[in-house]
Each structure stands twice: as structure tokens, then as C-alpha cells.
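K.L.:
Handing over final_2.txt, compact mmCIF, C-alpha atoms and all ligand atoms.
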```txt
# COMPACT_ATOMS: atom_id res chain seq x y z
CA MET A 1 -10.54 28.23 -30.72
CA SER A 2 -7.03 27.15 -29.84
CA GLN A 3 -5.49 24.02 -31.34
CA THR A 4 -5.56 20.75 -29.42
CA PRO A 5 -2.18 20.35 -27.68
CA THR A 6 0.10 17.55 -28.89
CA ARG A 7 3.14 15.76 -27.47
CA ALA A 8 5.33 17.92 -29.73
CA ASP A 9 4.19 20.94 -27.71
CA PHE A 10 5.94 19.43 -24.70
CA ASP A 11 9.31 19.66 -26.42
CA GLN A 12 8.54 23.13 -27.71
CA TYR A 13 7.10 24.81 -24.62
CA MET A 14 8.12 22.87 -21.51
CA VAL A 15 11.40 22.96 -19.61
CA PRO A 16 13.07 19.65 -20.57
CA ASN A 17 13.33 18.11 -17.09
CA TYR A 18 10.90 15.26 -17.89
CA ALA A 19 10.61 12.73 -20.72
CA PRO A 20 6.90 11.88 -20.79
CA GLN A 21 5.44 9.00 -22.82
CA GLN A 22 4.06 9.83 -26.25
CA ALA A 23 0.41 9.17 -25.35
CA ILE A 24 -1.52 12.01 -23.71
CA PRO A 25 -4.31 10.70 -21.47
CA VAL A 26 -7.39 12.91 -21.54
CA ARG A 27 -9.91 11.06 -19.38
CA GLY A 28 -9.89 8.65 -16.46
CA GLU A 29 -12.43 6.61 -14.58
CA GLY A 30 -11.51 4.24 -11.76
CA SER A 31 -8.41 2.34 -12.87
CA ARG A 32 -8.85 2.96 -16.60
CA LEU A 33 -7.58 5.87 -18.71
CA TRP A 34 -8.14 6.94 -22.31
CA ASP A 35 -5.73 8.94 -24.46
CA GLN A 36 -6.30 11.51 -27.21
CA GLN A 37 -6.74 8.72 -29.77
CA GLY A 38 -9.31 6.93 -27.58
CA ARG A 39 -6.88 4.11 -26.67
CA GLU A 40 -7.64 2.60 -23.29
CA TYR A 41 -5.11 1.82 -20.54
CA ILE A 42 -5.24 0.05 -17.19
CA ASP A 43 -3.52 2.08 -14.53
CA PHE A 44 -1.07 0.25 -12.23
CA ALA A 45 0.93 3.50 -11.80
CA GLY A 46 -1.64 5.60 -9.98
CA GLY A 47 0.10 8.86 -10.85
CA ILE A 48 3.12 7.56 -8.84
CA ALA A 49 1.22 6.31 -5.78
CA VAL A 50 -1.04 9.38 -5.74
CA ASN A 51 -4.43 8.37 -7.16
CA SER A 52 -5.37 6.36 -4.07
CA LEU A 53 -8.98 5.99 -5.19
CA GLY A 54 -8.32 5.82 -8.93
CA HIS A 55 -9.48 8.53 -11.29
CA CYS A 56 -12.51 10.73 -10.63
CA HIS A 57 -13.78 8.70 -7.68
CA PRO A 58 -17.32 9.93 -6.94
CA THR A 59 -16.51 10.62 -3.26
CA LEU A 60 -13.58 12.86 -4.18
CA VAL A 61 -15.43 14.54 -7.06
CA GLU A 62 -18.25 15.35 -4.65
CA ALA A 63 -15.92 16.74 -1.98
CA LEU A 64 -14.09 18.85 -4.57
CA THR A 65 -17.13 20.24 -6.35
CA GLU A 66 -19.01 20.93 -3.14
CA GLN A 67 -16.07 22.90 -1.75
CA ALA A 68 -15.46 24.57 -5.14
CA GLY A 69 -18.84 26.25 -4.88
CA LYS A 70 -18.16 27.52 -1.35
CA LEU A 71 -14.61 28.74 -0.80
CA TRP A 72 -11.24 27.98 -2.39
CA HIS A 73 -8.50 29.86 -0.65
CA LEU A 74 -7.89 32.31 2.16
CA SER A 75 -4.15 32.10 2.99
CA ASN A 76 -3.13 31.56 6.59
CA VAL A 77 -4.19 35.03 7.62
CA TYR A 78 -7.48 33.17 8.20
CA THR A 79 -8.11 29.54 8.97
CA ASN A 80 -10.84 27.48 7.32
CA GLU A 81 -13.19 24.62 8.18
CA PRO A 82 -11.81 21.94 5.81
CA ALA A 83 -8.22 22.48 7.04
CA LEU A 84 -9.31 22.25 10.68
CA ALA A 85 -11.39 19.15 10.00
CA LEU A 86 -8.47 17.50 8.16
CA ALA A 87 -6.02 18.29 10.96
CA ARG A 88 -8.39 16.94 13.60
CA SER A 89 -9.03 13.81 11.58
CA LEU A 90 -5.29 13.11 11.17
CA VAL A 91 -4.66 13.69 14.89
CA GLU A 92 -7.52 11.39 15.91
CA ARG A 93 -6.25 8.61 13.62
CA THR A 94 -2.51 8.74 14.46
CA PHE A 95 0.15 9.28 17.15
CA ALA A 96 0.17 13.00 16.36
CA ASP A 97 -1.13 15.94 18.37
CA LYS A 98 -0.41 18.66 15.82
CA VAL A 99 -0.47 19.00 12.02
CA TYR A 100 1.21 21.38 9.56
CA LEU A 101 -0.44 21.44 6.12
CA CYS A 102 1.32 22.14 2.83
CA SER A 103 1.05 21.18 -0.84
CA SER A 104 3.58 18.41 -1.58
CA GLY A 105 5.80 15.73 -0.13
CA GLY A 106 8.97 17.73 -0.58
CA GLU A 107 7.42 20.63 1.32
CA ALA A 108 6.25 18.34 4.12
CA ASN A 109 9.80 16.99 4.46
CA GLU A 110 11.32 20.46 4.29
CA ALA A 111 9.04 21.42 7.20
CA ALA A 112 9.97 18.25 9.12
CA LEU A 113 13.70 18.89 8.73
CA LYS A 114 13.41 22.55 9.66
CA LEU A 115 11.28 21.65 12.69
CA ALA A 116 13.83 19.07 13.85
CA ARG A 117 16.69 21.54 13.44
CA ARG A 118 14.78 24.31 15.19
CA TRP A 119 13.57 22.15 18.09
CA SER A 120 17.10 20.88 18.72
CA HIS A 121 18.51 24.39 18.40
CA ASP A 122 16.02 25.74 20.92
CA HIS A 123 16.41 22.87 23.41
CA HIS A 124 20.07 21.96 23.08
CA GLY A 125 21.89 24.67 21.11
CA GLU A 126 23.42 25.34 17.70
CA HIS A 127 25.75 22.31 17.80
CA LYS A 128 22.86 19.79 17.69
CA HIS A 129 22.04 20.02 14.00
CA ARG A 130 23.33 16.82 12.38
CA ILE A 131 20.91 14.79 10.29
CA VAL A 132 21.27 11.07 9.61
CA SER A 133 19.58 9.69 6.51
CA PHE A 134 20.19 6.73 4.19
CA THR A 135 21.75 5.92 0.86
CA GLN A 136 19.19 5.40 -1.91
CA SER A 137 16.54 7.27 0.10
CA PHE A 138 14.31 9.85 -1.56
CA HIS A 139 12.75 12.78 0.26
CA GLY A 140 11.85 15.32 -2.45
CA ARG A 141 13.46 17.84 -4.78
CA THR A 142 13.90 20.98 -2.70
CA PHE A 143 17.57 21.69 -2.10
CA PHE A 144 17.41 20.60 1.56
CA THR A 145 15.51 17.41 0.74
CA VAL A 146 17.77 16.38 -2.17
CA SER A 147 20.71 16.88 0.17
CA VAL A 148 19.16 14.67 2.85
CA GLY A 149 18.08 12.16 0.18
CA GLY A 150 20.57 9.41 -0.56
CA GLN A 151 20.84 9.74 -4.34
CA PRO A 152 23.71 12.22 -4.85
CA LYS A 153 22.89 12.77 -8.55
CA TYR A 154 19.86 14.84 -7.54
CA ALA A 155 21.98 17.31 -5.54
CA GLN A 156 25.00 17.58 -7.83
CA GLY A 157 25.64 20.62 -9.99
CA PHE A 158 23.66 23.05 -7.88
CA GLY A 159 26.46 24.51 -5.80
CA PRO A 160 27.28 24.00 -2.12
CA VAL A 161 24.86 21.65 -0.36
CA PRO A 162 23.54 22.29 3.15
CA GLY A 163 25.97 20.89 5.73
CA GLY A 164 25.61 18.52 8.66
CA ILE A 165 24.01 15.66 6.72
CA VAL A 166 25.35 12.08 6.78
CA HIS A 167 24.08 8.89 5.16
CA GLY A 168 23.97 5.41 6.68
CA GLU A 169 23.01 2.16 5.02
CA PHE A 170 19.31 1.28 5.00
CA ASN A 171 18.48 -1.76 7.17
CA ASN A 172 21.99 -1.69 8.68
CA LEU A 173 21.77 -0.52 12.27
CA ASP A 174 25.54 -0.72 12.80
CA SER A 175 26.03 1.91 10.11
CA VAL A 176 23.78 4.24 12.12
CA ARG A 177 25.58 3.49 15.39
CA ASP A 178 28.76 4.76 13.70
CA LEU A 179 27.10 8.02 12.59
CA ILE A 180 24.72 9.08 15.35
CA ASP A 181 25.95 11.12 18.31
CA ASP A 182 24.75 13.80 20.71
CA ASP A 183 25.02 16.41 17.95
CA THR A 184 22.44 14.50 15.88
CA CYS A 185 19.11 16.32 15.77
CA ALA A 186 17.18 13.86 13.58
CA VAL A 187 17.15 10.55 11.74
CA MET A 188 14.98 10.63 8.61
CA VAL A 189 13.86 7.33 7.08
CA GLU A 190 11.22 5.84 4.80
CA PRO A 191 9.62 2.79 6.51
CA MET A 192 9.78 1.29 3.04
CA GLN A 193 12.12 2.87 0.51
CA GLY A 194 10.02 3.75 -2.54
CA GLU A 195 12.14 5.38 -5.24
CA GLY A 196 15.12 3.42 -3.88
CA GLY A 197 13.62 0.11 -5.07
CA ILE A 198 10.58 -0.86 -2.91
CA ILE A 199 12.62 -2.08 0.04
CA PRO A 200 10.73 -2.53 3.32
CA ALA A 201 12.61 -1.73 6.52
CA THR A 202 13.03 -4.66 8.88
CA PRO A 203 11.19 -4.28 12.21
CA GLU A 204 14.53 -4.56 14.05
CA PHE A 205 15.93 -1.68 12.01
CA LEU A 206 13.11 0.73 12.82
CA GLN A 207 13.02 -0.39 16.46
CA GLY A 208 16.77 0.10 16.65
CA LEU A 209 16.51 3.59 15.13
CA ARG A 210 13.90 4.48 17.74
CA ALA A 211 16.21 3.32 20.54
CA LEU A 212 19.25 5.15 19.10
CA CYS A 213 17.23 8.36 18.71
CA ASP A 214 16.01 8.08 22.30
CA ALA A 215 19.55 7.50 23.57
CA HIS A 216 20.80 10.67 21.83
CA ASP A 217 17.66 12.82 22.17
CA ALA A 218 17.38 12.92 18.37
CA LEU A 219 14.01 13.10 16.61
CA LEU A 220 12.87 10.16 14.49
CA ILE A 221 11.24 11.33 11.24
CA PHE A 222 9.28 8.84 9.14
CA ASP A 223 8.84 9.91 5.53
CA GLU A 224 5.53 8.25 4.68
CA VAL A 225 4.92 10.38 1.60
CA GLN A 226 4.77 7.23 -0.57
CA THR A 227 3.74 4.60 2.03
CA GLY A 228 1.04 6.66 3.76
CA VAL A 229 -2.76 6.82 3.69
CA GLY A 230 -3.58 3.16 3.19
CA ARG A 231 -0.91 2.39 0.62
CA SER A 232 0.89 -0.06 2.95
CA GLY A 233 -2.30 -1.80 4.09
CA SER A 234 -2.62 0.27 7.27
CA LEU A 235 -3.33 4.01 7.43
CA TYR A 236 0.41 4.59 7.92
CA ALA A 237 3.12 1.95 7.69
CA TYR A 238 4.47 2.80 11.18
CA MET A 239 1.31 1.22 12.59
CA GLN A 240 2.38 -2.19 11.27
CA TYR A 241 5.89 -1.83 12.68
CA GLY A 242 4.75 -0.71 16.11
CA VAL A 243 7.41 2.00 16.06
CA THR A 244 6.19 5.55 16.64
CA PRO A 245 8.10 8.46 15.09
CA ASP A 246 8.32 12.00 16.47
CA ILE A 247 7.51 13.51 13.10
CA LEU A 248 5.75 11.93 10.12
CA THR A 249 5.26 13.32 6.63
CA SER A 250 2.41 12.49 4.26
CA ALA A 251 1.44 13.56 0.73
CA LYS A 252 0.85 11.55 -2.50
CA SER A 253 -2.17 9.31 -1.59
CA LEU A 254 -3.34 11.92 0.93
CA GLY A 255 -5.00 14.03 -1.75
CA GLY A 256 -5.98 11.23 -4.13
CA GLY A 257 -4.71 13.44 -6.98
CA PHE A 258 -5.15 16.90 -5.49
CA PRO A 259 -1.83 18.48 -4.40
CA VAL A 260 -1.62 18.38 -0.62
CA GLY A 261 0.92 17.43 2.04
CA ALA A 262 1.02 17.21 5.80
CA MET A 263 3.59 17.05 8.56
CA LEU A 264 2.44 15.39 11.77
CA THR A 265 4.13 15.78 15.16
CA THR A 266 3.57 15.84 18.90
CA ASP A 267 2.82 18.49 21.52
CA ARG A 268 6.40 18.10 22.78
CA ILE A 269 7.95 19.20 19.50
CA ALA A 270 5.38 21.36 17.70
CA PRO A 271 5.97 24.53 19.79
CA ALA A 272 9.39 24.96 18.13
CA MET A 273 7.49 25.91 14.98
CA ALA A 274 6.37 29.16 16.59
CA ILE A 275 4.68 32.08 14.84
CA GLY A 276 6.80 33.27 11.95
CA THR A 277 9.25 30.32 11.87
CA HIS A 278 7.81 28.67 8.77
CA GLY A 279 4.86 28.86 6.41
CA SER A 280 3.31 28.35 2.99
CA THR A 281 0.73 30.47 1.18
CA TYR A 282 -1.19 27.41 -0.03
CA GLY A 283 -0.78 25.34 3.15
CA GLY A 284 -4.23 24.35 4.40
CA ASN A 285 -5.88 25.47 1.17
CA ALA A 286 -9.62 24.82 1.57
CA LEU A 287 -10.07 22.87 -1.71
CA ALA A 288 -7.05 20.65 -1.03
CA SER A 289 -8.10 20.05 2.56
CA ALA A 290 -11.67 19.14 1.63
CA VAL A 291 -10.46 16.52 -0.85
CA ALA A 292 -7.82 15.12 1.54
CA LEU A 293 -10.36 14.82 4.35
CA ALA A 294 -12.70 12.86 2.06
CA ALA A 295 -9.83 10.61 0.95
CA VAL A 296 -8.63 9.88 4.50
CA GLU A 297 -12.15 9.17 5.77
CA PHE A 298 -12.87 6.87 2.83
CA ILE A 299 -9.58 4.96 3.06
CA ASP A 300 -9.20 4.58 6.84
CA THR A 301 -11.92 1.95 7.23
CA PRO A 302 -11.48 -1.77 7.99
CA GLU A 303 -13.07 -2.68 4.63
CA VAL A 304 -10.81 -0.56 2.44
CA LEU A 305 -7.64 -1.49 4.34
CA ALA A 306 -8.54 -5.20 4.26
CA GLY A 307 -9.18 -4.74 0.54
CA VAL A 308 -5.65 -3.41 0.10
CA LYS A 309 -4.20 -6.53 1.75
CA HIS A 310 -6.42 -8.79 -0.36
CA ARG A 311 -5.34 -7.03 -3.55
CA HIS A 312 -1.71 -7.28 -2.45
CA ALA A 313 -2.15 -11.07 -2.38
CA LEU A 314 -3.73 -10.99 -5.85
CA PHE A 315 -0.88 -8.88 -7.27
CA ARG A 316 1.65 -11.26 -5.75
CA GLU A 317 -0.09 -14.35 -7.18
CA HIS A 318 -0.26 -12.86 -10.66
CA LEU A 319 3.36 -11.67 -10.60
CA GLU A 320 4.53 -15.09 -9.38
CA ALA A 321 2.56 -16.79 -12.16
CA ILE A 322 4.17 -14.49 -14.76
CA ASN A 323 7.55 -15.24 -13.25
CA GLN A 324 7.00 -19.00 -13.30
CA LYS A 325 6.39 -18.80 -17.00
CA HIS A 326 9.10 -16.30 -17.96
CA GLY A 327 11.67 -16.25 -15.13
CA VAL A 328 12.33 -12.52 -15.37
CA PHE A 329 12.08 -11.58 -11.70
CA ARG A 330 14.52 -12.23 -8.87
CA GLU A 331 12.17 -11.13 -6.09
CA ILE A 332 8.62 -9.85 -5.69
CA ARG A 333 8.22 -7.62 -2.64
CA GLY A 334 6.44 -4.67 -1.10
CA MET A 335 3.64 -3.82 1.30
CA GLY A 336 -0.03 -3.35 0.50
CA LEU A 337 -0.42 -1.85 -2.95
CA LEU A 338 3.14 -0.59 -3.27
CA MET A 339 4.81 -3.54 -4.95
CA GLY A 340 8.13 -4.11 -6.64
CA ALA A 341 9.45 -6.89 -8.85
CA GLU A 342 13.24 -6.89 -9.00
CA MET A 343 14.65 -8.17 -12.28
CA ALA A 344 16.57 -11.46 -12.47
CA PRO A 345 20.33 -11.22 -13.25
CA ASP A 346 19.74 -12.09 -16.95
CA TYR A 347 17.45 -9.06 -17.23
CA ARG A 348 19.46 -6.70 -15.09
CA ASP A 349 18.34 -3.03 -15.32
CA ARG A 350 15.71 -3.92 -17.91
CA ALA A 351 12.64 -3.07 -15.81
CA LYS A 352 12.68 0.24 -17.67
CA ASP A 353 12.37 -1.64 -20.99
CA ILE A 354 9.09 -3.20 -19.85
CA LEU A 355 7.35 0.19 -19.51
CA PRO A 356 7.06 1.11 -23.21
CA LEU A 357 6.05 -2.47 -24.08
CA ALA A 358 3.39 -2.34 -21.36
CA ILE A 359 2.09 0.97 -22.73
CA GLU A 360 1.77 -0.66 -26.16
CA GLU A 361 -0.22 -3.45 -24.52
CA GLY A 362 -2.44 -0.91 -22.75
CA LEU A 363 -0.93 -0.93 -19.26
CA MET A 364 0.64 1.88 -17.23
CA ALA A 365 3.26 0.76 -14.69
CA LEU A 366 6.29 2.33 -13.00
CA ILE A 367 9.88 1.57 -12.18
CA ALA A 368 11.84 2.24 -8.99
CA GLY A 369 15.35 2.55 -10.38
CA PRO A 370 16.20 0.72 -13.62
CA ASN A 371 16.07 -2.75 -12.03
CA VAL A 372 12.70 -2.79 -10.26
CA LEU A 373 9.26 -2.82 -11.84
CA ARG A 374 6.95 -0.89 -9.51
CA MET A 375 3.18 -0.92 -9.13
CA ALA A 376 1.14 1.57 -7.09
CA PRO A 377 -2.45 1.23 -8.32
CA SER A 378 -5.67 2.56 -6.86
CA LEU A 379 -6.36 1.10 -3.41
CA VAL A 380 -9.81 0.10 -4.68
CA ILE A 381 -8.81 -1.21 -8.12
CA PRO A 382 -11.46 -3.71 -9.27
CA GLU A 383 -10.30 -7.33 -9.38
CA THR A 384 -11.26 -7.56 -13.06
CA ASP A 385 -8.88 -4.68 -13.80
CA ILE A 386 -6.12 -6.46 -11.88
CA ALA A 387 -6.64 -9.62 -13.95
CA GLU A 388 -6.79 -7.72 -17.27
CA GLY A 389 -3.80 -5.53 -16.33
CA MET A 390 -1.77 -8.62 -15.46
CA ALA A 391 -2.68 -10.26 -18.78
CA ARG A 392 -1.32 -7.15 -20.51
CA LEU A 393 1.78 -7.16 -18.31
CA GLU A 394 2.40 -10.79 -19.21
CA ARG A 395 2.26 -9.95 -22.90
CA ALA A 396 4.77 -7.14 -22.34
CA VAL A 397 7.08 -9.45 -20.37
CA ALA A 398 6.79 -12.15 -23.06
CA ARG A 399 7.86 -9.58 -25.66
CA LEU A 400 10.83 -8.52 -23.50
CA VAL A 401 11.89 -12.18 -23.22
CA ALA A 402 11.42 -12.70 -26.96
CA GLY A 403 13.57 -9.62 -27.58
CA GLN A 404 10.87 -7.68 -29.41
C1 LIG A 501 7.44 11.36 -3.85
C2 LIG A 501 8.18 11.39 -2.58
C3 LIG A 501 8.60 12.61 -2.01
C4 LIG A 501 8.43 13.94 -2.73
O1 LIG A 501 7.09 14.31 -2.85
P1 LIG A 501 6.72 15.51 -3.86
O2 LIG A 501 5.23 15.64 -3.69
O3 LIG A 501 7.15 15.08 -5.22
O4 LIG A 501 7.44 16.71 -3.40
C5 LIG A 501 9.22 12.58 -0.78
N1 LIG A 501 9.42 11.42 -0.13
C6 LIG A 501 9.05 10.23 -0.64
C7 LIG A 501 9.29 8.99 0.14
C8 LIG A 501 8.42 10.17 -1.89
O5 LIG A 501 8.08 9.00 -2.41
```
Would you put the structure from the file into C-alpha cells?

P.N.:
Amino acid sequence: MSQTPTRADFDQYMVPNYAPQQAIPVRGEGSRLWDQQGREYIDFAGGIAVNSLGHCHPTLVEALTEQAGKLWHLSNVYTNEPALALARSLVERTFADKVYLCSSGGEANEAALKLARRWSHDHHGEHKHRIVSFTQSFHGRTFFTVSVGGQPKYAQGFGPVPGGIVHGEFNNLDSVRDLIDDDTCAVMVEPMQGEGGIIPATPEFLQGLRALCDAHDALLIFDEVQTGVGRSGSLYAYMQYGVTPDILTSAKSLGGGFPVGAMLTTDRIAPAMAIGTHGSTYGGNALASAVALAAVEFIDTPEVLAGVKHRHALFREHLEAINQKHGVFREIRGMGLLMGAEMAPDYRDRAKDILPLAIEEGLMALIAGPNVLRMAPSLVIPETDIAEGMARLERAVARLVAGQ
């Protein structure tokens, strides 16, 4: 028998692009996890906004195991029932008429950007290729998506970046007015910036982007990879803003932990992605589609979505109570169960110092940049786990304040 892997194996065998925590979780149930030593953790991180129904939710386990005994993969030389059912379900629940399936958020955005470029090319000509995006935005790690993303460090050192991409300031419509013109093919935006610090767009900003795109016949792309599938308190965040995009991307919560992504668009635009223009071997994989369908159907109900809003209120109350005692946060913000607590000036950039203390107290959390503590728990996290997780967070915050 082979030896049990240890954290040291990471440094020995893995490419060093991550710096994982020392603990290695081996089992999860709901919003609790256990590591190799049997230590228990409450999960406010949700695998970075992915585990929408916690760990090993019976509905997802059933969908996965049932499909696992039937059919896993065909490639797109054939279609399959779970992929068709997932596409139909997404169309019936959203603005979209057509769906492209893939395996991650970056791939969904890559498809969205290529579709926008191709549609504009076909309808207007080569000159209409400019893309407007925003500083601090995050759209994935493929070379196109890091170039469109607004954090230059992710694109530097890899040679010439794709051209025709400009960045405006998030929530500043004037900055977009200066950048957009008739050569613009698309504006890509997160309705709430996730990695950039949990910053919701203002309604006026998204409405203004819609109007500017319409005026210049540019396509509006909403990146809902992090905000989508119930995370914001509605199936997609655009539904709360009342602003409809031309293209929307989804991943993370969509698969509840199984790798899957989707790009949604309309009958007007979809034909530009004609046979042979784009593709992915795993796109529409039967296992992934079966799990995603189960997740979407479970989450898109009035009860679950109301539960997200109720839990949002609980998270806010607890975070405000912690802040009243310790004064570490400047602002608590977010939508649904994607919440951020920005650090007060005295604790500037120290959100990252809370994480290891929280781990020691038995809590997994996240940051969004060094100055914002981020939480993206299961959409159905039990209230007792919220209360216990917050008690652990308070102990971690108290230790930060005490300088331990
Ligand atoms: C995580 C994320 C992505 C990238 O998704 P991957 O699955 O890591 O490729 C893209 N956009 C947003 C808004 C994200 O939060």
C-alpha cells in the first residue's frame, strides 16, 4: 500500500503556484470538514464560492452516483441527456435562449469573449473588436481572461498580451463613456466584483452600461461566475438589478463542487458560434451536467433563495456584533452569501492575518485582496453552524487585536 500523502508532498511534487494551508481536509459533511488529524472545521469558504450546497449534499451525491453508473463522457461528437436537460433548465430560468457548456469559469469567459469578438466581426467587420473591462476585475487565468481582467500582475511576465483591451473604473460610468466607441465589441463586468474586494455594482452603473452598449451596438457580458446560482440571493444577480446582459457566464456554484461552467446568450448572438468556431472536449460532460442540473433545480426555489437572504442577515448581524466589540472592520458588505468585511484603517491589509488564526480556531474563511475578509459559505449552511463559526471568528479577531 502507498503511504498516506502529507503536506510535505505538496512542496515536493506540485508546481509551486499555490501556498495551501498546512491542514489537509479528508472528509466533509454539510458545512463541516475534518482533516487528517481528525480536527473539525466550520466552512465559511465553500471552496471559494463553489460548494453551494456544502459538502456531500445528498441530492448531489445521488445525482452523481446515479449518473456514474450510467454514462460519464461522450465528447461532443454525440450529445447526451444530462447536458440537454441542463441547457433547457438554464434557458427556462433566465434571459437566455442558448447555452454553451464547459468546465470552468475561465473557459466560460474565454467563450464569451470569443463569441463577442466573432459576432462583432461577422456583423460589423474586423475593426469592431475593442473590449472594455474594469480595474480590479477578475475573469479567470487563461491568457485572454487575465488580459481582460483588471489585475495586471496576473498577465505580466507572459509575453505580449492580446490587444484591443481597455480598463475603466468600476462603478464610474464617466470612465466608460471615455473608453467606449463604435469599435467596441463588448463590455465585460462582474455585477459584484468578487476577487476585487466584494464590491457590488450600483444599479445606475449597470443600467448605464446597458445604455452605452446599446448606443454603440456593443455586447454586455456579465461575469456571474462567482455571483451566480443563488449566491447573490437570486438565481443570478442580474435579476436583482433588472439589467439584462447579452451574454452571461456561470461556473463555481453551478456544479456545487463538480467542475462545470456555462455561457448563456440569446438567439440573436449565438449563431456567430457556428460549427467549428469553438469547442471543448469536456464541455457538456454527462457527469458534470447531471450534478449541475441537480444543483440548479435544488437552489432555484423560493425557499432556498429566501434562506440565502435570511442567512445574509444573520451573517451581517454577527459581523456587526464582532465589530462593535473589536472595531476591526470599516465596512460590512455583499449580496446574499457572498460577504466581505473591509478592514478598518488601523488594521489595513490584515484580513490575510485573520485566516491562519481562524484555522487554528477551527474556521475556514477567505480574503478578497489583503484588506477584505470574505465569506462564501454553503447556501444552506445550518444556523447553528453560522453561530458556532462566528464564535470561532470572534476568537480569531480577538487574537488579532491582542497581537497574538
Ligand atoms: C473564479 C472566477 C473566475 C474564474 O473561474 P475558474 O473556474 O477559476 O476558471 C472568473 N470570473 C470570476 C468573477 C470568478 O470569481

K.L.:
Leaving out Ser250 in chain A and any residue of its chain fewer than 3 positions from it, which residues lie within 9 Å of it when counting only C-alpha atoms, given as a PyMOL selection string?

P.N.:
chain A and resi 104-105+108-109+223-229+236+253-254+260-264

K.L.:
As an exercise, work out the distance from CA of Pro259 in chain A to CA of Arg118 in chain A in Å and give it to one decimal place.

P.N.:
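These atoms are spaced 26.3 Å apart.
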
K.L.:
Pick out the closest residue to ligand LIG 501 (chain A) from this set: A:Gly208, A:Pro377, A:Gly403, A:Gly257. Count only C-alpha atoms and all ligand atoms.

P.N.:
A:Gly257

K.L.:
What is the distance between CA of Asp122 in chain A and CA of His139 in chain A, in Å to one decimal?

P.N.:
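Spanning CA of Asp122 in chain A to CA of His139 in chain A is a straight-line distance of 24.6 Å.
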
K.L.:
Go through A:Gln193, A:Thr281, A:Asn171, A:Thr265 and flag the residue nearest ligand LIG 501 (chain A), using only C-alpha atoms and all ligand atoms for the distances.

P.N.:
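Using only C-alpha atoms and all ligand atoms, the shortest distance to ligand LIG 501 (chain A) belongs to A:Gln193.
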
K.L.:
Hey, which of A:Ala23, A:Leu235, A:Val304, A:Leu113 ends up closest to Ile381 in chain A? Count only C-alpha atoms.

P.N.:
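Of all the options, A:Val304 lies closest to Ile381 in chain A.
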
K.L.:
For CA of Met239 in chain A and CA of Leu338 in chain A, determine how far apart the two atoms are, in Å to one decimal place.

P.N.:
16.1 Å

K.L.:
May I ask which of the residues A:Gly255, A:Gly168, A:Pro5, A:Gly157 is the closest one to ligand LIG 501 (chain A), counting all atoms listed in the file?

P.N.:
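Closest residue, counting all atoms listed in the file: A:Gly255.
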
K.L.:
Counting all atoms listed in the file, which residue out of A:Arg210, A:Arg27, A:Arg316, A:Lys252 sits closest to ligand LIG 501 (chain A)?

P.N.:
A:Lys252
